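Student: Sharing coords_5.cif, mmCIF, C-alpha atoms (C1' of nucleotides) and all ligand atoms:
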data_run
loop_
_atom_site.label_atom_id
_atom_site.label_comp_id
_atom_site.auth_asym_id
_atom_site.auth_seq_id
_atom_site.Cartn_x
_atom_site.Cartn_y
_atom_site.Cartn_z
CA MET A 1 0.00 0.00 0.00
CA ILE A 2 1.35 3.35 -1.06
CA ASP A 3 -0.57 5.10 1.66
CA SER A 4 1.33 3.54 4.49
CA LYS A 5 4.62 4.27 2.77
CA VAL A 6 3.63 7.92 2.59
CA THR A 7 2.77 8.12 6.25
CA GLU A 8 5.91 6.26 7.19
CA LEU A 9 8.10 8.71 5.25
CA LEU A 10 6.47 11.73 6.81
CA LYS A 11 6.75 10.28 10.30
CA LYS A 12 10.39 9.42 9.75
CA THR A 13 11.22 12.98 8.83
CA GLN A 14 9.24 14.39 11.74
CA LEU A 15 6.77 16.20 9.55
CA SER A 16 3.23 16.24 10.80
CA VAL A 17 0.98 14.20 8.59
CA THR A 18 -1.47 16.43 6.77
CA ASP A 19 -3.64 15.91 3.71
CA GLY A 20 -1.56 18.23 1.57
CA ARG A 21 1.73 16.60 2.41
CA ARG A 22 0.28 13.13 1.95
CA ARG A 23 -1.10 14.05 -1.46
CA ILE A 24 2.10 15.63 -2.73
CA LEU A 25 4.31 12.88 -1.46
CA GLU A 26 1.95 10.39 -3.07
CA LEU A 27 2.40 12.18 -6.39
CA PHE A 28 6.15 11.78 -6.13
CA LEU A 29 5.83 8.09 -5.31
CA GLN A 30 3.40 7.38 -8.12
CA HIS A 31 5.10 9.46 -10.76
CA GLU A 32 8.22 8.05 -12.33
CA GLY A 33 10.47 11.05 -12.83
CA ALA A 34 10.69 14.56 -11.48
CA LEU A 35 7.95 17.13 -10.93
CA SER A 36 7.96 20.88 -11.14
CA HIS A 37 6.00 23.15 -8.88
CA GLY A 38 3.57 23.68 -11.72
CA ASP A 39 3.12 19.97 -12.34
CA ILE A 40 2.22 19.47 -8.73
CA GLU A 41 -0.22 22.34 -8.68
CA LYS A 42 -2.00 20.82 -11.63
CA LYS A 43 -1.95 17.24 -10.45
CA ALA A 44 -2.95 18.01 -6.89
CA GLY A 45 -5.95 19.74 -8.36
CA GLU A 46 -7.93 22.58 -6.89
CA LYS A 47 -7.75 20.91 -3.53
CA PHE A 48 -4.76 22.80 -2.20
CA ASP A 49 -3.69 26.39 -2.14
CA ARG A 50 -0.71 27.41 -4.22
CA VAL A 51 1.02 28.66 -1.11
CA THR A 52 0.70 25.26 0.51
CA VAL A 53 2.47 23.65 -2.40
CA TYR A 54 5.34 26.11 -2.07
CA ARG A 55 5.61 25.52 1.63
CA THR A 56 5.33 21.77 1.30
CA LEU A 57 8.10 21.55 -1.28
CA GLN A 58 10.20 23.79 0.90
CA ALA A 59 9.63 21.53 3.89
CA PHE A 60 10.37 18.37 1.88
CA LEU A 61 13.59 19.90 0.59
CA GLU A 62 14.75 20.88 4.04
CA LYS A 63 14.00 17.48 5.49
CA GLY A 64 15.81 15.73 2.69
CA LEU A 65 12.75 13.99 1.29
CA ILE A 66 13.28 15.50 -2.14
CA HIS A 67 16.10 17.16 -4.05
CA SER A 68 15.97 19.76 -6.81
CA ILE A 69 17.17 19.41 -10.37
CA PRO A 70 18.65 22.50 -11.99
CA SER A 71 17.45 23.68 -15.37
CA SER A 72 18.11 26.22 -18.07
CA ASP A 73 14.52 27.28 -18.39
CA ASN A 74 13.51 28.63 -15.02
CA SER A 75 11.52 25.62 -13.97
CA ILE A 76 13.18 23.69 -11.22
CA ARG A 77 12.03 20.12 -10.90
CA TYR A 78 12.01 18.00 -7.79
CA ALA A 79 12.51 14.29 -7.24
CA LEU A 80 12.38 11.93 -4.30
CA CYS A 81 15.59 11.27 -2.46
CA LYS A 82 16.73 7.80 -1.60
CA GLU A 83 16.94 6.38 1.87
CA GLU A 84 20.42 7.70 2.50
CA CYS A 85 19.33 11.33 2.47
CA SER A 86 18.38 13.21 5.57
CA GLU A 87 18.13 16.70 6.96
CA GLY A 88 21.33 18.44 5.98
CA HIS A 89 23.11 15.42 4.55
CA HIS A 90 22.17 14.80 0.97
CA ARG A 91 23.69 12.07 -1.11
CA ASP A 92 22.28 12.97 -4.49
CA ASP A 93 25.36 12.36 -6.51
CA HIS A 94 23.70 10.92 -9.58
CA VAL A 95 23.22 12.13 -13.13
CA HIS A 96 20.00 13.82 -14.21
CA PHE A 97 18.47 13.46 -17.62
CA ILE A 98 16.03 15.81 -19.31
CA CYS A 99 14.28 14.72 -22.48
CA ASN A 100 14.13 17.33 -25.20
CA GLN A 101 11.08 15.66 -26.68
CA CYS A 102 8.70 14.87 -23.82
CA GLY A 103 10.26 17.26 -21.34
CA ASN A 104 10.43 14.67 -18.58
CA ALA A 105 13.29 14.72 -16.13
CA THR A 106 14.63 11.53 -14.64
CA CYS A 107 17.16 10.61 -12.00
CA LEU A 108 19.71 8.18 -13.39
CA GLU A 109 20.50 6.77 -9.97
CA GLU A 110 22.87 4.19 -11.39
CA LEU A 111 25.17 6.87 -12.83
CA VAL A 112 27.36 8.49 -10.22
CA VAL A 113 28.62 11.94 -11.17
CA PRO A 114 32.32 11.94 -12.08
CA SER A 115 34.70 13.86 -9.88
CA ILE A 116 35.86 17.07 -11.48
CA LYS A 117 39.38 18.31 -11.07
CA LEU A 118 39.10 22.05 -10.63
CA PRO A 119 41.73 24.73 -11.26
CA ARG A 120 43.88 25.85 -8.31
CA GLY A 121 41.92 28.01 -5.89
CA TYR A 122 38.51 26.48 -6.46
CA THR A 123 36.88 24.11 -3.99
CA ALA A 124 33.99 21.89 -5.01
CA GLN A 125 31.14 21.27 -2.64
CA GLN A 126 28.69 19.77 -5.09
CA VAL A 127 28.71 18.54 -8.66
CA GLU A 128 25.61 18.39 -10.84
CA VAL A 129 25.53 16.60 -14.17
CA LEU A 130 22.62 17.41 -16.39
CA VAL A 131 22.28 15.47 -19.61
CA SER A 132 19.65 16.38 -22.17
CA GLY A 133 18.62 14.38 -25.20
CA ILE A 134 16.07 11.71 -26.01
CA CYS A 135 14.78 9.52 -23.24
CA LYS A 136 14.14 5.80 -23.26
CA SER A 137 10.40 5.93 -23.78
CA CYS A 138 10.60 8.60 -26.47
CA SER A 139 13.15 6.67 -28.50
CA SER A 140 11.14 3.46 -28.38
CA ARG A 141 8.30 5.14 -30.28
CA MET B 1 39.03 49.50 -27.69
CA ILE B 2 36.11 47.52 -26.38
CA ASP B 3 33.70 49.57 -28.41
CA SER B 4 34.91 48.32 -31.77
CA LYS B 5 34.90 44.75 -30.51
CA VAL B 6 31.24 45.18 -29.56
CA THR B 7 30.27 46.52 -32.95
CA GLU B 8 32.26 43.84 -34.71
CA LEU B 9 30.48 41.08 -32.78
CA LEU B 10 27.05 42.50 -33.52
CA LYS B 11 27.84 42.92 -37.20
CA LYS B 12 29.19 39.41 -37.42
CA THR B 13 25.97 37.96 -36.08
CA GLN B 14 23.84 40.13 -38.36
CA LEU B 15 22.21 41.98 -35.53
CA SER B 16 21.57 45.62 -36.13
CA VAL B 17 23.70 47.79 -33.92
CA THR B 18 21.61 49.63 -31.36
CA ASP B 19 22.45 51.39 -28.12
CA GLY B 20 20.80 48.72 -26.03
CA ARG B 21 22.59 45.83 -27.63
CA ARG B 22 25.90 47.66 -27.50
CA ARG B 23 25.48 48.40 -23.83
CA ILE B 24 24.53 44.87 -22.87
CA LEU B 25 27.24 43.25 -24.93
CA GLU B 26 29.70 45.69 -23.38
CA LEU B 27 28.61 44.50 -19.94
CA PHE B 28 29.37 40.92 -20.87
CA LEU B 29 32.80 41.85 -22.22
CA GLN B 30 33.72 43.93 -19.22
CA HIS B 31 32.37 41.63 -16.57
CA GLU B 32 34.37 38.53 -15.78
CA GLY B 33 31.79 35.83 -15.18
CA ALA B 34 28.15 35.30 -15.97
CA LEU B 35 25.24 37.71 -15.62
CA SER B 36 21.59 37.13 -14.82
CA HIS B 37 18.74 39.07 -16.32
CA GLY B 38 18.47 40.96 -13.04
CA ASP B 39 22.17 41.81 -12.98
CA ILE B 40 21.89 43.30 -16.41
CA GLU B 41 18.82 45.29 -15.59
CA LYS B 42 20.65 46.83 -12.66
CA LYS B 43 23.96 47.44 -14.40
CA ALA B 44 22.43 48.83 -17.56
CA GLY B 45 20.68 51.34 -15.34
CA GLU B 46 17.43 53.08 -16.00
CA LYS B 47 18.46 53.62 -19.56
CA PHE B 48 16.68 50.62 -21.04
CA ASP B 49 13.29 49.10 -20.66
CA ARG B 50 12.99 45.74 -18.97
CA VAL B 51 11.39 44.31 -22.07
CA THR B 52 14.36 45.34 -24.16
CA VAL B 53 16.67 43.40 -21.90
CA TYR B 54 14.52 40.30 -22.32
CA ARG B 55 14.47 40.66 -26.06
CA THR B 56 18.16 41.41 -26.31
CA LEU B 57 19.16 38.37 -24.31
CA GLN B 58 16.80 36.31 -26.42
CA ALA B 59 18.41 37.60 -29.61
CA PHE B 60 21.94 37.05 -28.31
CA LEU B 61 21.04 33.49 -27.34
CA GLU B 62 19.58 32.69 -30.73
CA LYS B 63 22.54 34.12 -32.57
CA GLY B 64 24.98 32.17 -30.44
CA LEU B 65 26.57 35.22 -28.84
CA ILE B 66 25.81 34.01 -25.35
CA HIS B 67 24.87 30.74 -23.68
CA SER B 68 22.84 30.08 -20.57
CA ILE B 69 23.97 28.42 -17.38
CA PRO B 70 21.40 26.29 -15.56
CA SER B 71 20.73 26.78 -11.89
CA SER B 72 18.81 25.34 -8.97
CA ASP B 73 17.42 28.65 -7.88
CA ASN B 74 15.38 29.95 -10.79
CA SER B 75 17.91 32.51 -11.88
CA ILE B 76 19.50 31.62 -15.17
CA ARG B 77 22.77 33.30 -15.88
CA TYR B 78 24.28 34.06 -19.24
CA ALA B 79 27.86 34.18 -20.44
CA LEU B 80 29.61 35.07 -23.68
CA CYS B 81 30.28 32.28 -26.11
CA LYS B 82 33.64 31.80 -27.65
CA GLU B 83 34.41 32.28 -31.32
CA GLU B 84 33.40 28.76 -32.30
CA CYS B 85 29.74 29.31 -31.50
CA SER B 86 27.25 30.45 -34.08
CA GLU B 87 23.54 30.40 -34.77
CA GLY B 88 22.36 26.88 -34.07
CA HIS B 89 25.76 25.38 -33.48
CA HIS B 90 26.95 25.86 -29.97
CA ARG B 91 30.15 24.47 -28.64
CA ASP B 92 29.79 25.20 -24.98
CA ASP B 93 31.14 21.99 -23.62
CA HIS B 94 32.89 23.38 -20.60
CA VAL B 95 32.28 23.15 -16.87
CA HIS B 96 30.43 25.89 -15.01
CA PHE B 97 31.18 26.94 -11.49
CA ILE B 98 28.91 28.75 -9.06
CA CYS B 99 30.33 30.15 -5.85
CA ASN B 100 28.24 29.50 -2.77
CA GLN B 101 29.77 32.50 -1.07
CA CYS B 102 29.77 35.38 -3.55
CA GLY B 103 27.19 33.88 -5.88
CA ASN B 104 29.25 34.51 -9.00
CA ALA B 105 29.12 32.05 -11.85
CA THR B 106 32.13 31.41 -14.03
CA CYS B 107 32.85 29.45 -17.16
CA LEU B 108 35.76 27.12 -16.63
CA GLU B 109 36.63 27.05 -20.30
CA GLU B 110 39.68 24.91 -19.73
CA LEU B 111 37.60 22.06 -18.30
CA VAL B 112 35.80 20.06 -20.95
CA VAL B 113 32.76 18.17 -19.71
CA PRO B 114 33.36 14.42 -19.46
CA SER B 115 31.40 12.14 -21.72
CA ILE B 116 28.67 10.32 -19.88
CA LYS B 117 27.79 6.75 -20.72
CA LEU B 118 24.02 6.55 -20.55
CA PRO B 119 21.83 3.50 -19.99
CA ARG B 120 20.50 1.70 -23.06
CA GLY B 121 17.74 3.67 -24.79
CA TYR B 122 18.93 7.13 -23.85
CA THR B 123 20.63 9.45 -26.32
CA ALA B 124 22.63 12.43 -25.14
CA GLN B 125 22.51 15.67 -27.05
CA GLN B 126 24.09 17.91 -24.47
CA VAL B 127 25.91 17.53 -21.19
CA GLU B 128 26.06 20.25 -18.56
CA VAL B 129 28.35 20.08 -15.57
CA LEU B 130 27.60 22.47 -12.78
CA VAL B 131 30.02 22.63 -9.89
CA SER B 132 29.27 24.67 -6.81
CA GLY B 133 31.63 25.52 -4.00
CA ILE B 134 34.09 28.29 -3.17
CA CYS B 135 35.61 30.29 -5.99
CA LYS B 136 39.17 31.45 -6.41
CA SER B 137 38.69 35.02 -5.26
CA CYS B 138 36.57 34.03 -2.29
CA SER B 139 39.11 31.48 -1.04
CA SER B 140 41.98 33.95 -1.30
CA ARG B 141 40.36 36.19 1.29
"C1'" DC C 1 -10.87 15.26 24.96
"C1'" DA C 2 -8.12 19.36 26.22
"C1'" DA C 3 -4.11 22.21 25.33
"C1'" DC C 4 -0.64 23.49 22.55
"C1'" DA C 5 1.99 23.72 18.30
"C1'" DA C 6 2.05 23.52 13.53
"C1'" DA C 7 0.02 23.87 8.98
"C1'" DT C 8 -3.35 25.91 5.98
"C1'" DG C 9 -6.02 29.28 3.21
"C1'" DC C 10 -6.77 33.75 2.14
"C1'" DA C 11 -5.71 38.29 0.83
"C1'" DA C 12 -2.65 41.46 -0.44
"C1'" DC C 13 1.45 42.18 -2.42
"C1'" DA C 14 6.05 42.01 -5.10
"C1'" DA C 15 8.66 40.25 -8.75
"C1'" DA C 16 9.24 38.11 -13.17
"C1'" DG C 17 7.89 37.42 -17.73
"C1'" DT C 18 4.74 38.19 -22.09
"C1'" DT C 19 2.24 40.59 -25.81
"C1'" DG C 20 0.41 44.17 -29.07
"C1'" DC C 21 1.16 48.33 -30.89
"C1'" DA C 22 2.65 53.04 -32.06
"C1'" DA C 23 6.88 55.77 -32.17
"C1'" DA C 24 11.74 55.84 -32.93
"C1'" DA C 25 15.92 54.32 -34.75
"C1'" DA C 26 18.83 51.61 -37.96
"C1'" DG C 27 19.96 49.98 -42.52
"C1'" DA C 28 19.77 50.27 -47.54
"C1'" DA C 29 19.34 52.74 -51.71
"C1'" DC C 30 19.78 56.68 -54.08
"C1'" DG D 1 22.22 63.71 -46.52
"C1'" DT D 2 17.44 62.41 -47.86
"C1'" DT D 3 14.08 59.07 -48.47
"C1'" DC D 4 12.12 54.60 -47.95
"C1'" DT D 5 11.74 50.21 -45.60
"C1'" DT D 6 12.58 47.18 -41.89
"C1'" DT D 7 13.76 46.39 -37.29
"C1'" DT D 8 13.97 47.68 -32.62
"C1'" DT D 9 12.27 50.07 -28.77
"C1'" DG D 10 9.29 51.76 -24.97
"C1'" DC D 11 5.04 51.75 -23.01
"C1'" DA D 12 0.91 49.88 -21.18
"C1'" DA D 13 -1.66 46.25 -19.94
"C1'" DC D 14 -1.63 41.81 -18.61
"C1'" DT D 15 -0.37 36.91 -16.83
"C1'" DT D 16 2.31 34.02 -14.09
"C1'" DT D 17 5.19 33.06 -10.31
"C1'" DG D 18 6.66 33.64 -5.76
"C1'" DT D 19 6.32 35.92 -0.87
"C1'" DT D 20 4.36 37.46 3.62
"C1'" DG D 21 1.20 38.27 7.68
"C1'" DC D 22 -2.53 36.72 10.00
"C1'" DA D 23 -6.78 34.44 11.47
"C1'" DT D 24 -8.64 29.80 11.26
"C1'" DT D 25 -8.12 24.99 11.06
"C1'" DT D 26 -5.84 20.84 11.76
"C1'" DG D 27 -2.57 17.59 13.87
"C1'" DT D 28 0.00 15.96 17.94
"C1'" DT D 29 0.77 14.89 22.64
"C1'" DG D 30 -0.50 13.56 27.16
MN MN E 201 17.87 13.00 -8.79
MN MN E 202 30.02 28.91 -20.08
ZN ZN E 203 11.14 11.73 -23.56
ZN ZN E 204 33.06 33.46 -4.77
#
Would you encode the structure as structure tokens?

Tutor:
Amino acid sequence: MIDSKVTELLKKTQLSVTDGRRRILELFLQHEGALSHGDIEKKAGEKFDRVTVYRTLQAFLEKGLIHSIPSSDNSIRYALCKEECSEGHHRDDHVHFICNQCGNATCLEELVVPSIKLPRGYTAQQVEVLVSGICKSCSSR
Amino acid sequence: MIDSKVTELLKKTQLSVTDGRRRILELFLQHEGALSHGDIEKKAGEKFDRVTVYRTLQAFLEKGLIHSIPSSDNSIRYALCKEECSEGHHRDDHVHFICNQCGNATCLEELVVPSIKLPRGYTAQQVEVLVSGICKSCSSR
DNA sequence: CAACAAATGCAACAAAGTTGCAAAAAGAAC
DNA sequence: GTTCTTTTTGCAACTTTGTTGCATTTGTTG
């Protein structure tokens, strides 16, 4: 049951269990791939205020339930984090893929981002790899 | 003289030479590092309408004068392309760095993005590498 | 179930981005 | 330089996106 998973996740991160949070987390669990704020607003329907969506995503980010995926078009997408992530400590060192055809963003969990050797003076704290192209389901059609 | 460089670049890309375009291109040439739409609006002063800045950046992008740098905070930055870039054909395969302290974004032209081996079914068209951390000038202070 | 803390919706607002259109400026031709 | 044509600009009006304060509602704990 997806419903118990949702509650479990919220409990584990010490977020109080509300309808809005349950619904949004459910969306992430059901939907393969990442979701933008807009996606969520649409999918969650008229049931929740726009402000609640903002605040929920914010809370999920802070608690390490989700991580954000950068983009070149001013529409950040979010995806569920794996077990290892928690408040403060994220371990989202995988490659992200954005399909130029369907627009979907996916976490390629199996691809660990390479380490980048920076010029003298620079210190890396995080590395993001963002690949765009044609995704699996688009190329099989 | 930076002024002749500016005109030359605009001519080369078949953009008519206007005050606005000259000013904005000048900003890119003077400023080491990338600029966001907001940065440009501020630096260009009251002299130009907000809409003009949007349209100018749009035109520069299309002509391959500048490229955009993705971000996780809904504030795309832009940086000058090198000679090799032209309308349609971009060759911006270098690493980008964003400083968590001063917020500046830089093109690390000398670092070519690694090639990423994708899972079966995926085709890569572009790879972006976005490193965040502490930049050279911030760490030397 | 009572008491407290936290989350929500609403309204009002600020910031960011878009569009149509008339006026102004640039480019081309003479 | 003058004229003609095309492109760019500024303005206004508008939409979309994101933020904040506050009263009401909901969840949590004992
Ligand atoms: Mn991911
Ligand atoms: Mn660059
Ligand atoms: Zn696709
Ligand atoms: Zn810095």

Student: Would you kindly return, as a PDB file with C-alpha atoms, keeping the file's coordinate frame, each protein, DNA or RNA residue with an atom no farther than 12 Å from any atom of A:Leu9, considering only C-alpha atoms (C1' of nucleotides) and excluding same-chain residues fewer than 3 positions away?

Tutor:
ATOM      1  CA  ILE A   2       1.350   3.350  -1.060  1.00  0.00           C
ATOM      2  CA  ASP A   3      -0.570   5.100   1.660  1.00  0.00           C
ATOM      3  CA  SER A   4       1.330   3.540   4.490  1.00  0.00           C
ATOM      4  CA  LYS A   5       4.620   4.270   2.770  1.00  0.00           C
ATOM      5  CA  VAL A   6       3.630   7.920   2.590  1.00  0.00           C
ATOM      6  CA  LYS A  12      10.390   9.420   9.750  1.00  0.00           C
ATOM      7  CA  THR A  13      11.220  12.980   8.830  1.00  0.00           C
ATOM      8  CA  GLN A  14       9.240  14.390  11.740  1.00  0.00           C
ATOM      9  CA  LEU A  15       6.770  16.200   9.550  1.00  0.00           C
ATOM     10  CA  SER A  16       3.230  16.240  10.800  1.00  0.00           C
ATOM     11  CA  VAL A  17       0.980  14.200   8.590  1.00  0.00           C
ATOM     12  CA  ARG A  21       1.730  16.600   2.410  1.00  0.00           C
ATOM     13  CA  ARG A  22       0.280  13.130   1.950  1.00  0.00           C
ATOM     14  CA  LEU A  25       4.310  12.880  -1.460  1.00  0.00           C
ATOM     15  CA  GLU A  26       1.950  10.390  -3.070  1.00  0.00           C
ATOM     16  CA  PHE A  28       6.150  11.780  -6.130  1.00  0.00           C
ATOM     17  CA  LEU A  29       5.830   8.090  -5.310  1.00  0.00           C
ATOM     18  CA  PHE A  60      10.370  18.370   1.880  1.00  0.00           C
ATOM     19  CA  LYS A  63      14.000  17.480   5.490  1.00  0.00           C
ATOM     20  CA  GLY A  64      15.810  15.730   2.690  1.00  0.00           C
ATOM     21  CA  LEU A  65      12.750  13.990   1.290  1.00  0.00           C
ATOM     22  CA  ILE A  66      13.280  15.500  -2.140  1.00  0.00           C
ATOM     23  CA  LEU A  80      12.380  11.930  -4.300  1.00  0.00           C
ATOM     24  CA  CYS A  81      15.590  11.270  -2.460  1.00  0.00           C
ATOM     25  CA  LYS A  82      16.730   7.800  -1.600  1.00  0.00           C
ATOM     26  CA  GLU A  83      16.940   6.380   1.870  1.00  0.00           C
ATOM     27  CA  CYS A  85      19.330  11.330   2.470  1.00  0.00           C
ATOM     28  CA  SER A  86      18.380  13.210   5.570  1.00  0.00           C
TER      29      SER A  86
END

Student: Which of these, A:Asp92, A:Asp49, A:Glu32, A:Asp73, has the shortest distance to chain C once you count only C-alpha atoms (C1' of nucleotides)?

Tutor: A:Asp49

Student: Show me which residues sit within 7 Å of ligand ZN 204 (chain E) when counting all atoms listed in the file, and put them as a CSV table (one decimal) with C-alpha atoms, keeping the file's coordinate frame.

Tutor:
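Contents of part_30.csv, as written:
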chain,number,residue,atom,x,y,z
B,99,CYS,CA,30.3,30.2,-5.8
B,100,ASN,CA,28.2,29.5,-2.8
B,101,GLN,CA,29.8,32.5,-1.1
B,102,CYS,CA,29.8,35.4,-3.6
B,103,GLY,CA,27.2,33.9,-5.9
B,104,ASN,CA,29.2,34.5,-9.0
B,134,ILE,CA,34.1,28.3,-3.2
B,135,CYS,CA,35.6,30.3,-6.0
B,136,LYS,CA,39.2,31.4,-6.4
B,137,SER,CA,38.7,35.0,-5.3
B,138,CYS,CA,36.6,34.0,-2.3

Student: Can you check which residues of chain A have any atom within 10 Å of chain D? Use only C-alpha atoms (C1' of nucleotides) and format it as a list in words.

Tutor: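 So the residues of chain A near chain D are Ser16, Val17, Thr18, Asp19, Gly38, Arg50, Val51 and Tyr54 of chain A.
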
Student: For chain B against ligand MN 202 (chain E), with a cut-off of 10 Å and counting only C-alpha atoms and all ligand atoms, what is the closest atom pair and its distance in Å to one decimal for every residue that makes the cut, ordered by chain and number, as a Markdown table?

Tutor:
| residue | atom | partner | partner_atom | distance |
| --- | --- | --- | --- | --- |
| B:Gly33 | CA | E:MN202 | MN | 8.7 |
| B:Ala34 | CA | E:MN202 | MN | 7.8 |
| B:Ile66 | CA | E:MN202 | MN | 8.5 |
| B:His67 | CA | E:MN202 | MN | 6.5 |
| B:Ser68 | CA | E:MN202 | MN | 7.3 |
| B:Ile69 | CA | E:MN202 | MN | 6.6 |
| B:Arg77 | CA | E:MN202 | MN | 9.5 |
| B:Tyr78 | CA | E:MN202 | MN | 7.8 |
| B:Ala79 | CA | E:MN202 | MN | 5.7 |
| B:Leu80 | CA | E:MN202 | MN | 7.1 |
| B:Cys81 | CA | E:MN202 | MN | 6.9 |
| B:Lys82 | CA | E:MN202 | MN | 8.9 |
| B:Arg91 | CA | E:MN202 | MN | 9.6 |
| B:Asp92 | CA | E:MN202 | MN | 6.2 |
| B:Asp93 | CA | E:MN202 | MN | 7.9 |
| B:His94 | CA | E:MN202 | MN | 6.3 |
| B:Val95 | CA | E:MN202 | MN | 7.0 |
| B:His96 | CA | E:MN202 | MN | 5.9 |
| B:Phe97 | CA | E:MN202 | MN | 8.9 |
| B:Ala105 | CA | E:MN202 | MN | 8.9 |
| B:Thr106 | CA | E:MN202 | MN | 6.9 |
| B:Cys107 | CA | E:MN202 | MN | 4.1 |
| B:Leu108 | CA | E:MN202 | MN | 6.9 |
| B:Glu109 | CA | E:MN202 | MN | 6.9 |
| B:Glu128 | CA | E:MN202 | MN | 9.6 |

Student: Quick check: residues of chain B within 6 Å of chain A, all atoms listed in the file, returned as an NGL selection string.

Tutor: :B and (70-72 or 74 or 121-136)

Student: What's the separation between atom CA of A:Thr56 and atom CA of A:Glu8, in Å to one decimal place?

Tutor: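 Going from atom CA of A:Thr56 over to atom CA of A:Glu8, I get 16.6 Å.
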
Student: Can you tell me how far atom CA of A:Leu27 sits from atom CA of A:Ile40, in Å to one decimal?

Tutor: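 Value for the atom CA of A:Leu27-atom CA of A:Ile40 distance: 7.7 Å.
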
Student: In Å, how far is it from atom CA of A:His31 to atom CA of A:Val53?

Tutor: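 So the two atoms, atom CA of A:His31 and atom CA of A:Val53, lie 16.7 Å apart.
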